[in-house]
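Okay, target06.pdb is below, PDB, C-alpha atoms and all ligand atoms:
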```
ATOM      1  CA  ILE A  14    -148.374-164.577  -3.485
ATOM      2  CA  LYS A  15    -150.283-167.596  -4.770
ATOM      3  CA  LYS A  16    -148.550-168.539  -7.978
ATOM      4  CA  LEU A  17    -144.903-168.286  -9.031
ATOM      5  CA  ALA A  18    -143.154-168.711 -12.360
ATOM      6  CA  VAL A  19    -139.556-169.816 -12.865
ATOM      7  CA  LEU A  20    -137.312-169.445 -15.917
ATOM      8  CA  THR A  21    -133.698-169.882 -16.980
ATOM      9  CA  SER A  22    -132.062-167.356 -19.272
ATOM     10  CA  GLY A  23    -128.651-166.511 -20.763
ATOM     11  CA  GLY A  24    -125.808-169.040 -20.941
ATOM     12  CA  ASP A  25    -126.756-172.301 -19.235
ATOM     13  CA  SER A  26    -124.758-173.637 -16.301
ATOM     14  CA  PRO A  27    -124.642-176.899 -14.353
ATOM     15  CA  GLY A  28    -126.939-176.617 -11.345
ATOM     16  CA  MET A  29    -129.729-174.752 -13.122
ATOM     17  CA  ASN A  30    -131.887-177.892 -13.089
ATOM     18  CA  ALA A  31    -131.236-178.396  -9.399
ATOM     19  CA  ALA A  32    -132.361-174.786  -8.842
ATOM     20  CA  ILE A  33    -135.540-175.282 -10.907
ATOM     21  CA  ARG A  34    -136.274-178.392  -8.844
ATOM     22  CA  SER A  35    -135.743-176.457  -5.637
ATOM     23  CA  VAL A  36    -138.052-173.605  -6.691
ATOM     24  CA  VAL A  37    -140.803-176.027  -7.748
ATOM     25  CA  ARG A  38    -140.538-178.128  -4.599
ATOM     26  CA  THR A  39    -140.401-175.118  -2.278
ATOM     27  CA  CYS A  40    -143.634-173.904  -3.899
ATOM     28  CA  ALA A  41    -145.182-177.337  -3.363
ATOM     29  CA  TYR A  42    -143.992-177.329   0.263
ATOM     30  CA  HIS A  43    -145.676-173.969   0.874
ATOM     31  CA  LYS A  44    -148.743-175.054  -1.097
ATOM     32  CA  ILE A  45    -148.539-172.393  -3.754
ATOM     33  CA  GLU A  46    -148.809-173.000  -7.477
ATOM     34  CA  CYS A  47    -145.798-172.988  -9.745
ATOM     35  CA  ILE A  48    -145.391-172.782 -13.498
ATOM     36  CA  ALA A  49    -142.274-173.224 -15.573
ATOM     37  CA  VAL A  50    -141.466-170.856 -18.436
ATOM     38  CA  TYR A  51    -139.658-172.336 -21.438
ATOM     39  CA  ARG A  52    -136.862-170.556 -23.372
ATOM     40  CA  GLY A  53    -136.313-167.728 -20.896
ATOM     41  CA  TYR A  54    -137.794-164.327 -21.709
ATOM     42  CA  GLU A  55    -138.703-165.524 -25.226
ATOM     43  CA  GLY A  56    -141.115-168.068 -23.748
ATOM     44  CA  LEU A  57    -142.351-165.512 -21.224
ATOM     45  CA  MET A  58    -143.503-163.200 -24.033
ATOM     46  CA  GLU A  59    -145.176-166.093 -25.863
ATOM     47  CA  GLY A  60    -146.799-167.675 -22.821
ATOM     48  CA  ASP A  61    -144.836-170.911 -23.254
ATOM     49  CA  PHE A  62    -145.750-172.160 -19.768
ATOM     50  CA  LYS A  63    -146.169-175.509 -18.066
ATOM     51  CA  THR A  64    -147.766-176.219 -14.705
ATOM     52  CA  MET A  65    -145.314-177.907 -12.383
ATOM     53  CA  ASN A  66    -145.694-180.068  -9.316
ATOM     54  CA  ALA A  67    -143.163-181.740  -7.059
ATOM     55  CA  ARG A  68    -143.002-184.804  -9.317
ATOM     56  CA  SER A  69    -142.443-182.778 -12.512
ATOM     57  CA  VAL A  70    -138.857-182.183 -11.387
ATOM     58  CA  LYS A  71    -137.870-185.747 -10.525
ATOM     59  CA  ASP A  72    -134.547-187.056 -11.860
ATOM     60  CA  ILE A  73    -133.142-183.672 -12.806
ATOM     61  CA  ILE A  74    -130.932-182.755  -9.832
ATOM     62  CA  ASN A  75    -128.027-184.600 -11.460
ATOM     63  CA  LYS A  76    -128.465-183.232 -14.978
ATOM     64  CA  GLY A  77    -126.442-180.472 -16.628
ATOM     65  CA  GLY A  78    -127.997-177.808 -18.859
ATOM     66  CA  THR A  79    -131.549-176.656 -18.213
ATOM     67  CA  ILE A  80    -134.723-178.646 -18.892
ATOM     68  CA  LEU A  81    -136.489-175.316 -19.454
ATOM     69  CA  LYS A  82    -134.062-174.356 -22.260
ATOM     70  CA  SER A  83    -132.403-170.996 -22.349
ATOM     71  CA  ALA A  84    -132.265-168.062 -24.734
ATOM     72  CA  ARG A  85    -130.891-164.563 -25.005
ATOM     73  CA  SER A  86    -133.829-162.365 -26.011
ATOM     74  CA  ASP A  87    -133.612-159.089 -27.921
ATOM     75  CA  GLU A  88    -137.368-158.501 -27.907
ATOM     76  CA  PHE A  89    -137.545-158.486 -24.093
ATOM     77  CA  ARG A  90    -135.186-155.506 -24.201
ATOM     78  CA  THR A  91    -138.040-153.509 -25.779
ATOM     79  CA  LYS A  92    -141.051-151.979 -23.990
ATOM     80  CA  GLU A  93    -143.411-153.872 -26.312
ATOM     81  CA  GLY A  94    -141.732-157.175 -25.486
ATOM     82  CA  ARG A  95    -142.007-156.602 -21.749
ATOM     83  CA  LEU A  96    -145.684-155.628 -22.088
ATOM     84  CA  LYS A  97    -146.350-158.930 -23.863
ATOM     85  CA  ALA A  98    -144.665-160.769 -21.015
ATOM     86  CA  PHE A  99    -146.653-158.862 -18.405
ATOM     87  CA  ASN A 100    -149.924-159.703 -20.160
ATOM     88  CA  LYS A 101    -149.035-163.396 -20.382
ATOM     89  CA  LEU A 102    -148.173-163.504 -16.683
ATOM     90  CA  ASN A 103    -151.448-161.770 -15.817
ATOM     91  CA  GLU A 104    -153.496-164.136 -17.984
ATOM     92  CA  ALA A 105    -151.897-167.041 -16.129
ATOM     93  CA  ASN A 106    -152.515-165.368 -12.726
ATOM     94  CA  VAL A 107    -148.823-165.449 -11.884
ATOM     95  CA  ASP A 108    -147.841-163.011  -9.168
ATOM     96  CA  GLY A 109    -144.100-163.547  -8.763
ATOM     97  CA  LEU A 110    -141.149-164.530 -10.940
ATOM     98  CA  VAL A 111    -137.870-166.328 -10.180
ATOM     99  CA  VAL A 112    -135.202-165.837 -12.841
ATOM    100  CA  ILE A 113    -132.109-168.018 -12.981
ATOM    101  CA  GLY A 114    -129.227-166.570 -15.009
ATOM    102  CA  GLY A 115    -126.472-163.964 -15.146
ATOM    103  CA  ASP A 116    -126.318-160.184 -15.287
ATOM    104  CA  GLY A 117    -128.237-159.891 -18.593
ATOM    105  CA  THR A 118    -131.063-161.915 -17.045
ATOM    106  CA  PHE A 119    -131.060-159.723 -13.942
ATOM    107  CA  THR A 120    -131.081-156.528 -15.985
ATOM    108  CA  GLY A 121    -134.232-157.741 -17.768
ATOM    109  CA  ALA A 122    -135.886-158.651 -14.451
ATOM    110  CA  LEU A 123    -134.973-155.315 -12.901
ATOM    111  CA  ILE A 124    -136.443-153.236 -15.740
ATOM    112  CA  PHE A 125    -139.548-155.441 -15.777
ATOM    113  CA  ASN A 126    -140.006-154.855 -12.060
ATOM    114  CA  GLN A 127    -139.516-151.102 -12.418
ATOM    115  CA  GLU A 128    -142.122-150.874 -15.197
ATOM    116  CA  TYR A 129    -144.810-153.120 -13.723
ATOM    117  CA  ASN A 130    -143.881-153.394 -10.040
ATOM    118  CA  PHE A 131    -143.941-157.139 -10.624
ATOM    119  CA  PRO A 132    -142.212-159.129  -7.815
ATOM    120  CA  VAL A 133    -138.968-160.709  -9.076
ATOM    121  CA  MET A 134    -136.136-162.650  -7.456
ATOM    122  CA  GLY A 135    -132.836-163.661  -9.075
ATOM    123  CA  ILE A 136    -130.726-166.796  -8.699
ATOM    124  CA  PRO A 137    -127.177-166.372 -10.078
ATOM    125  CA  GLY A 138    -126.495-169.105 -12.627
ATOM    126  CA  THR A 139    -123.340-168.788 -14.714
ATOM    127  CA  ILE A 140    -120.024-170.625 -14.838
ATOM    128  CA  ASP A 141    -118.155-167.286 -14.902
ATOM    129  CA  ASN A 142    -118.715-166.361 -11.228
ATOM    130  CA  ASP A 143    -118.880-162.742 -12.356
ATOM    131  CA  ILE A 144    -121.764-161.608 -10.165
ATOM    132  CA  PHE A 145    -121.418-159.363  -7.136
ATOM    133  CA  GLY A 146    -123.222-160.484  -3.967
ATOM    134  CA  THR A 147    -122.329-164.162  -3.955
ATOM    135  CA  SER A 148    -119.039-165.968  -3.447
ATOM    136  CA  HIS A 149    -120.181-168.627  -5.912
ATOM    137  CA  THR A 150    -122.563-168.592  -8.857
ATOM    138  CA  LEU A 151    -124.317-171.819  -9.849
ATOM    139  CA  GLY A 152    -122.158-173.898 -12.146
ATOM    140  CA  PHE A 153    -118.849-172.267 -11.265
ATOM    141  CA  ASP A 154    -117.685-175.146  -9.075
ATOM    142  CA  THR A 155    -118.680-177.776 -11.641
ATOM    143  CA  ALA A 156    -116.929-175.864 -14.426
ATOM    144  CA  LEU A 157    -113.769-175.657 -12.289
ATOM    145  CA  ASN A 158    -113.787-179.422 -11.854
ATOM    146  CA  THR A 159    -114.403-179.983 -15.563
ATOM    147  CA  VAL A 160    -111.507-177.710 -16.481
ATOM    148  CA  VAL A 161    -109.122-179.289 -13.973
ATOM    149  CA  GLU A 162    -109.942-182.718 -15.365
ATOM    150  CA  ALA A 163    -109.139-181.448 -18.857
ATOM    151  CA  ILE A 164    -105.864-179.832 -17.725
ATOM    152  CA  ASP A 165    -104.798-183.077 -16.052
ATOM    153  CA  LYS A 166    -105.334-184.926 -19.314
ATOM    154  CA  ILE A 167    -103.446-182.347 -21.327
ATOM    155  CA  ARG A 168    -100.617-182.512 -18.770
ATOM    156  CA  ASP A 169    -100.189-186.242 -19.506
ATOM    157  CA  THR A 170     -99.536-185.629 -23.156
ATOM    158  CA  ALA A 171     -97.598-182.384 -22.536
ATOM    159  CA  SER A 172     -95.074-184.126 -20.330
ATOM    160  CA  SER A 173     -94.765-187.160 -22.642
ATOM    161  CA  HIS A 174     -93.767-184.860 -25.506
ATOM    162  CA  ASN A 175     -91.974-182.129 -23.535
ATOM    163  CA  ARG A 176     -94.429-179.557 -24.812
ATOM    164  CA  LEU A 177     -95.666-176.162 -23.752
ATOM    165  CA  PHE A 178     -99.475-175.878 -23.837
ATOM    166  CA  PHE A 179    -101.546-172.733 -23.859
ATOM    167  CA  ILE A 180    -105.017-173.700 -22.616
ATOM    168  CA  GLU A 181    -107.866-171.213 -23.043
ATOM    169  CA  VAL A 182    -110.687-171.287 -20.519
ATOM    170  CA  MET A 183    -113.998-169.398 -20.400
ATOM    171  CA  GLY A 184    -114.961-166.671 -17.960
ATOM    172  CA  ARG A 185    -116.039-163.795 -20.196
ATOM    173  CA  ASP A 186    -114.389-160.639 -18.733
ATOM    174  CA  VAL A 187    -113.187-162.136 -15.468
ATOM    175  CA  GLY A 188    -110.430-164.548 -14.495
ATOM    176  CA  HIS A 189    -112.050-166.645 -11.745
ATOM    177  CA  ILE A 190    -112.060-169.866 -13.754
ATOM    178  CA  ALA A 191    -108.509-169.324 -15.018
ATOM    179  CA  LEU A 192    -107.031-168.435 -11.654
ATOM    180  CA  ASN A 193    -108.558-171.300  -9.723
ATOM    181  CA  THR A 194    -107.986-173.987 -12.325
ATOM    182  CA  GLY A 195    -104.488-172.681 -13.031
ATOM    183  CA  ILE A 196    -103.522-173.249  -9.410
ATOM    184  CA  ALA A 197    -105.330-176.589  -9.184
ATOM    185  CA  GLY A 198    -103.852-177.757 -12.484
ATOM    186  CA  GLY A 199    -100.308-176.690 -11.589
ATOM    187  CA  ALA A 200     -99.954-174.113 -14.352
ATOM    188  CA  GLU A 201     -96.699-172.264 -14.960
ATOM    189  CA  GLU A 202     -98.473-168.994 -15.632
ATOM    190  CA  ILE A 203    -102.086-167.802 -15.527
ATOM    191  CA  LEU A 204    -103.193-164.955 -17.782
ATOM    192  CA  ILE A 205    -106.285-163.135 -16.523
ATOM    193  CA  PRO A 206    -108.014-159.882 -17.538
ATOM    194  CA  GLU A 207    -107.536-158.391 -14.054
ATOM    195  CA  GLU A 208    -103.750-158.422 -14.302
ATOM    196  CA  ASP A 209    -101.711-157.605 -17.334
ATOM    197  CA  LEU A 210     -98.709-159.889 -17.082
ATOM    198  CA  GLY A 211     -97.172-158.555 -20.279
ATOM    199  CA  LEU A 212     -95.392-160.569 -22.951
ATOM    200  CA  ASP A 213     -91.912-159.903 -21.549
ATOM    201  CA  ARG A 214     -92.745-161.287 -18.149
ATOM    202  CA  LEU A 215     -94.404-164.282 -19.731
ATOM    203  CA  VAL A 216     -91.320-165.029 -21.792
ATOM    204  CA  ASP A 217     -89.031-164.483 -18.751
ATOM    205  CA  SER A 218     -91.110-166.828 -16.702
ATOM    206  CA  LEU A 219     -91.082-169.541 -19.365
ATOM    207  CA  ASN A 220     -87.325-169.166 -19.760
ATOM    208  CA  ARG A 221     -86.820-169.414 -16.006
ATOM    209  CA  SER A 222     -88.867-172.571 -15.789
ATOM    210  CA  LYS A 223     -86.926-174.127 -18.641
ATOM    211  CA  LYS A 224     -83.646-173.304 -16.918
ATOM    212  CA  SER A 225     -84.889-174.746 -13.652
ATOM    213  CA  GLY A 226     -85.261-178.101 -15.344
ATOM    214  CA  LYS A 227     -88.933-178.206 -16.313
ATOM    215  CA  SER A 228     -89.439-180.019 -19.585
ATOM    216  CA  SER A 229     -93.106-179.226 -20.150
ATOM    217  CA  SER A 230     -95.355-176.383 -19.084
ATOM    218  CA  ILE A 231     -98.962-175.317 -19.001
ATOM    219  CA  VAL A 232    -100.145-171.717 -19.301
ATOM    220  CA  ILE A 233    -103.822-171.052 -18.582
ATOM    221  CA  VAL A 234    -105.276-168.175 -20.583
ATOM    222  CA  ALA A 235    -108.618-166.624 -19.605
ATOM    223  CA  GLU A 236    -110.676-165.862 -22.722
ATOM    224  CA  GLY A 237    -110.947-162.212 -21.610
ATOM    225  CA  ASP A 238    -107.213-161.807 -20.992
ATOM    226  CA  LYS A 239    -105.801-158.477 -22.116
ATOM    227  CA  ILE A 240    -102.233-159.392 -23.015
ATOM    228  CA  GLY A 241    -103.019-158.005 -26.468
ATOM    229  CA  LYS A 242    -102.774-161.269 -28.365
ATOM    230  CA  ASN A 243    -105.229-164.084 -28.770
ATOM    231  CA  ILE A 244    -104.134-167.554 -27.805
ATOM    232  CA  PHE A 245    -103.007-168.510 -31.339
ATOM    233  CA  GLU A 246    -100.990-165.296 -31.655
ATOM    234  CA  LEU A 247     -99.425-166.088 -28.292
ATOM    235  CA  LYS A 248     -98.290-169.435 -29.635
ATOM    236  CA  ASP A 249     -96.807-167.741 -32.721
ATOM    237  CA  TYR A 250     -95.063-165.193 -30.528
ATOM    238  CA  VAL A 251     -93.432-167.889 -28.405
ATOM    239  CA  ASP A 252     -92.535-169.879 -31.524
ATOM    240  CA  GLU A 253     -90.814-166.817 -32.978
ATOM    241  CA  ASN A 254     -89.171-165.444 -29.853
ATOM    242  CA  MET A 255     -88.114-168.468 -27.866
ATOM    243  CA  SER A 256     -86.183-171.521 -28.857
ATOM    244  CA  GLY A 257     -86.535-175.014 -27.550
ATOM    245  CA  TYR A 258     -90.284-175.038 -27.106
ATOM    246  CA  ASP A 259     -92.732-177.231 -28.962
ATOM    247  CA  VAL A 260     -95.937-175.246 -28.431
ATOM    248  CA  ARG A 261     -99.549-176.367 -28.711
ATOM    249  CA  VAL A 262    -102.883-174.638 -28.111
ATOM    250  CA  SER A 263    -106.054-176.096 -26.650
ATOM    251  CA  VAL A 264    -109.287-174.088 -26.436
ATOM    252  CA  LEU A 265    -111.630-175.903 -24.068
ATOM    253  CA  GLY A 266    -114.796-174.088 -25.205
ATOM    254  CA  HIS A 267    -118.361-175.072 -24.397
ATOM    255  CA  MET A 268    -117.541-178.407 -22.785
ATOM    256  CA  GLN A 269    -116.931-176.207 -19.717
ATOM    257  CA  ARG A 270    -120.646-175.409 -19.528
ATOM    258  CA  GLY A 271    -121.882-178.999 -19.556
ATOM    259  CA  GLY A 272    -121.895-182.006 -17.299
ATOM    260  CA  SER A 273    -123.515-183.244 -14.164
ATOM    261  CA  PRO A 274    -123.381-180.603 -11.408
ATOM    262  CA  SER A 275    -120.952-181.113  -8.527
ATOM    263  CA  CYS A 276    -122.202-181.830  -5.013
ATOM    264  CA  PHE A 277    -121.389-178.212  -4.121
ATOM    265  CA  ASP A 278    -123.517-176.834  -6.977
ATOM    266  CA  ARG A 279    -126.447-179.138  -6.170
ATOM    267  CA  VAL A 280    -126.485-178.056  -2.532
ATOM    268  CA  LEU A 281    -126.056-174.402  -3.489
ATOM    269  CA  ALA A 282    -128.904-174.635  -6.027
ATOM    270  CA  SER A 283    -131.188-176.256  -3.475
ATOM    271  CA  ARG A 284    -130.436-173.539  -0.922
ATOM    272  CA  MET A 285    -130.869-170.735  -3.438
ATOM    273  CA  GLY A 286    -134.229-172.043  -4.662
ATOM    274  CA  VAL A 287    -135.610-172.223  -1.133
ATOM    275  CA  LYS A 288    -134.331-168.731  -0.299
ATOM    276  CA  ALA A 289    -135.687-167.228  -3.528
ATOM    277  CA  VAL A 290    -139.218-168.576  -3.077
ATOM    278  CA  GLU A 291    -139.409-167.892   0.643
ATOM    279  CA  SER A 292    -138.134-164.332   0.166
ATOM    280  CA  LEU A 293    -140.873-163.642  -2.387
ATOM    281  CA  LEU A 294    -143.443-165.129   0.017
ATOM    282  CA  GLU A 295    -142.143-162.790   2.719
ATOM    283  CA  GLY A 296    -142.840-159.837   0.426
ATOM    284  CA  GLU A 297    -139.280-159.189  -0.767
ATOM    285  CA  SER A 298    -138.691-158.313  -4.394
ATOM    286  CA  ASN A 299    -135.931-157.123  -6.704
ATOM    287  CA  PHE A 300    -133.153-159.062  -4.998
ATOM    288  CA  MET A 301    -130.682-161.736  -5.945
ATOM    289  CA  VAL A 302    -130.048-164.587  -3.537
ATOM    290  CA  GLY A 303    -126.382-165.314  -2.934
ATOM    291  CA  LEU A 304    -123.927-167.193  -0.767
ATOM    292  CA  LEU A 305    -121.920-164.954   1.556
ATOM    293  CA  ASN A 306    -119.944-166.372   4.494
ATOM    294  CA  ASN A 307    -121.839-169.633   4.052
ATOM    295  CA  LYS A 308    -125.200-167.909   4.563
ATOM    296  CA  MET A 309    -127.956-167.183   2.071
ATOM    297  CA  GLU A 310    -128.129-163.418   1.696
ATOM    298  CA  LEU A 311    -130.126-161.007  -0.472
ATOM    299  CA  THR A 312    -128.421-158.366  -2.626
ATOM    300  CA  PRO A 313    -130.449-155.764  -4.557
ATOM    301  CA  LEU A 314    -130.503-156.742  -8.246
ATOM    302  CA  GLU A 315    -129.125-153.346  -9.169
ATOM    303  CA  LYS A 316    -126.038-153.877  -6.980
ATOM    304  CA  ALA A 317    -125.590-157.441  -8.217
ATOM    305  CA  ILE A 318    -125.481-156.143 -11.792
ATOM    306  CA  LYS A 319    -123.290-153.096 -11.221
ATOM    307  CA  GLY A 320    -120.935-154.389  -8.511
ATOM    308  CA  LYS A 321    -117.672-156.054  -9.458
ATOM    309  CA  SER A 322    -116.912-159.596  -8.415
ATOM    310  CA  LYS A 323    -113.285-159.240  -7.435
ATOM    311  CA  ILE A 324    -110.427-161.641  -7.942
ATOM    312  CA  ASN A 325    -108.845-162.917  -4.749
ATOM    313  CA  LEU A 326    -105.358-161.392  -4.919
ATOM    314  CA  GLU A 327    -104.012-163.962  -2.502
ATOM    315  CA  LEU A 328    -104.605-166.577  -5.207
ATOM    316  CA  LEU A 329    -102.375-164.649  -7.607
ATOM    317  CA  ARG A 330     -99.533-164.747  -5.107
ATOM    318  CA  VAL A 331    -100.087-168.432  -4.364
ATOM    319  CA  SER A 332     -99.932-169.138  -8.069
ATOM    320  CA  ASP A 333     -96.623-167.239  -8.370
ATOM    321  CA  ILE A 334     -95.080-169.135  -5.478
ATOM    322  CA  MET A 335     -96.301-172.510  -6.747
ATOM    323  CA  SER A 336     -94.680-172.057 -10.138
ATOM    324  CA  THR A 337     -91.208-171.604  -8.580
TER     325      THR A 337
HETATM  326  O1  LIG B 401    -121.330-166.644 -19.605
HETATM  327  C1  LIG B 401    -121.022-167.972 -19.850
HETATM  328  C2  LIG B 401    -120.175-168.115 -21.098
HETATM  329  O2  LIG B 401    -119.926-169.488 -21.290
HETATM  330  C3  LIG B 401    -118.861-167.323 -21.073
HETATM  331  O3  LIG B 401    -117.873-167.937 -20.308
HETATM  332  C4  LIG B 401    -118.568-167.211 -22.548
HETATM  333  O4  LIG B 401    -117.813-166.061 -22.816
HETATM  334  C5  LIG B 401    -119.934-167.118 -23.186
HETATM  335  O5  LIG B 401    -120.866-167.612 -22.232
HETATM  336  C6  LIG B 401    -120.093-167.869 -24.471
HETATM  337  O6  LIG B 401    -121.337-167.574 -24.977
HETATM  338  P1  LIG B 401    -122.071-168.389 -26.151
HETATM  339  O7  LIG B 401    -122.655-169.620 -25.536
HETATM  340  O8  LIG B 401    -123.089-167.451 -26.644
HETATM  341  O9  LIG B 401    -121.010-168.745 -27.148
END
```
Just give me the structure of the file as structure tokens.
Ligand code: F6P
Amino acid sequence: IKKLAVLTSGGDSPGMNAAIRSVVRTCAYHKIECIAVYRGYEGLMEGDFKTMNARSVKDIINKGGTILKSARSDEFRTKEGRLKAFNKLNEANVDGLVVIGGDGTFTGALIFNQEYNFPVMGIPGTIDNDIFGTSHTLGFDTALNTVVEAIDKIRDTASSHNRLFFIEVMGRDVGHIALNTGIAGGAEEILIPEEDLGLDRLVDSLNRSKKSGKSSSIVIVAEGDKIGKNIFELKDYVDENMSGYDVRVSVLGHMQRGGSPSCFDRVLASRMGVKAVESLLEGESNFMVGLLNNKMELTPLEKAIKGKSKINLELLRVSDIMST
């Protein structure tokens, strides 16, 4: 391999820039060329490339978002789209590709590899932590810290007014963000897609906490929760079925995806970039790099996409005990 390309695709996450920097600098270290691809697979099909050197990635390790921009591409899902991308990579003499993103990004890379036998390596970048083969995806830790900071602020006003707050957090179909920030933010209850608490148990729990002398409460609701009601309907339900609660809703939204990456995410991104480039140089392809037992490990892209990233059940129990 003499020339690599790197792109970011799907929802952005803090730490993507640190990963781009790591890929570019690892290429420079090993004296191979590196180009950046703008706007994910969209830019790949259009040949929106820029030659990078070690200095091109200065001052970005601390920045949120992605300097390469990101996109979700429909055209790359088609054979014609992928052929365009292959031709552009060939014209630019690129012989390996590092993709930073989530499962949609990896699915694209996997199909591309199967069609053209083009060497690809994935770096998991998403705040959701919903990828099998790594204990942490890039941006997850930063998002947790952002959410906890927001919960702390909401707690100030909740306790001043004796209010119950439902706070919705991101996470797509998994509850990693909700479960961790719920414990760290001292939530009364945490609603996650992996466990159906049920409305009755929620109401019981809120009643119990009221009786035990708590004057305000926080319930963290994962956006993918399956309690059967959205967060505004939950508020209405509590308003109608319980007395003595002044209920408010706060949906944290996209602020969870922004911000300067945490120390953890910067270190993780740097490690993942090195591992991704060096694995390609060693002839590996079609893997995702991940953190397992504090080591960089490779997981086949196919497994990373299909495997489930499981909730730590111990955390559920800890959360129950803490809300006593
Ligand atoms: O995958 C990251 C994520 O932020 C999810 O948590 C959320 O469900 C989704 O992306 C939001 O997507 P969009 O940016 O397209 O609104």
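With the cut-off set to 9 Å and only C-alpha atoms and all ligand atoms counted, the residues surrounding ligand LIG 401 (chain B) are A:Gly23, A:Gly24, A:Asp25, A:Ser26, A:Arg85, A:Gly115, A:Thr139, A:Ile140, A:Asp141, A:Asn142, A:Asp143, A:Val182, A:Met183, A:Gly184, A:Arg185, A:Asp186, A:Val187, A:Ile190, A:Glu236, A:Gly237, A:Gly266, A:His267, A:Gln269, A:Arg270.
Coordinates place atom CA of Val251 of chain A at a distance of 21.6 Å from atom CA of Leu192 of chain A.
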- Message: For a cutoff of 12 Å around the file-coordinate point (-121.8, -179.0, -6.5), which residues qualify once you count all atoms listed in the file? I'd like the result as a ChimeraX atom specification.
- Response: /A:26-29,31-32,74-77,140,149-159,272-284
- Task: Quote the spacing between atom CA of Tyr129 of chain A and atom CA of Val111 of chain A in Å to one decimal place.
- Result: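 Here the two named atoms are 15.3 Å from each other.
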- Item | Å distance separating atom CA of Leu294 of chain A from atom CA of Leu314 of chain A, one decimal place |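 Between atom CA of Leu294 of chain A and atom CA of Leu314 of chain A the gap is 17.5 Å.
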- Message: Using only C-alpha atoms, can you tell me which of A:Ile180, A:Leu204, A:Val302, A:Val331 comes closest to Lys288 of chain A?
- Response: A:Val302
- Note on the structure: Counting only C-alpha atoms, the residue among A:Ser35, A:Met335, A:Thr312, A:Met255 that lies closest to Asp217 of chain A is A:Met255
Select from segment 78-170 of chain A every residue with an atom at most 7 Å from any atom of segment 58-71 of chain A, then for each give the shortest pair of atoms and their distance in Å to one decimal, using only C-alpha atoms, rows by chain and rising number, as a Markdown table.
```
| residue | atom | partner | partner_atom | distance |
| --- | --- | --- | --- | --- |
| A:Gly94 | CA | A:Met58 | CA | 6.4 |
| A:Lys97 | CA | A:Met58 | CA | 5.1 |
| A:Ala98 | CA | A:Met58 | CA | 4.0 |
| A:Lys101 | CA | A:Gly60 | CA | 5.4 |
```
- Task: Apply the PyMOL selection byres (((chain A and resi 303) around 8) and not hetatm) to the file shown and report the selected residues as a ChimeraX atom specification.
- Result: /A:136-137,146-150,285,301-302,304-305,309-312
Around all listed atoms of segment 262-270 of chain A, padded 4 Å per side, what centre and edge lengths does the axis-aligned box have in Å to one decimal, as lines of an AutoDock Vina configuration file?
```
center_x = -111.8
center_y = -176.2
center_z = -23.8
size_x = 25.8
size_y = 12.3
size_z = 16.6
```
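Of the listed residues A:Ile231, A:Ala122, A:Val36, A:Val107, the one whose atoms come nearest to Asp169 of chain A is A:Ile231, with distances taken using only C-alpha atoms.
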- Which is closest to Thr170 of chain A among A:Gly286, A:Gly320, A:Leu212, A:Ser230, if we use all atoms listed in the file? A:Ser230
- Task: Skip Arg330 of chain A itself and residues of its chain fewer than 4 positions away, then list as a list of chain:residue names all residues within 12 Å of it, counting only C-alpha atoms.
- Result: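 The residues that qualify are A:Leu192, A:Ile196, A:Glu202, A:Ile203, A:Glu208, A:Ile324, A:Asn325, A:Leu326, A:Ile334, A:Met335, A:Ser336, A:Thr337.
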- Message: From the options A:Ile318, A:Ile124, A:Ile240, A:Leu328, which residue's atoms come nearest to Ile144 of chain A, counting only C-alpha atoms?
- Response: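 So, comparing all the options, the nearest one is A:Ile318.
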- Item | Selection under test: the PyMOL selection byres (((chain A and resi 83) around 6) and not hetatm); residues as an MDAnalysis selection string | chainID A and resid 21:22 52:53 82 84
- Quick one: which residues end up in the PyMOL selection byres (((chain A and resi 243) around 12) and not hetatm) for this structure, as a PyMOL selection string? chain A and resi 179-181+204+212+234-242+244-250+262+264
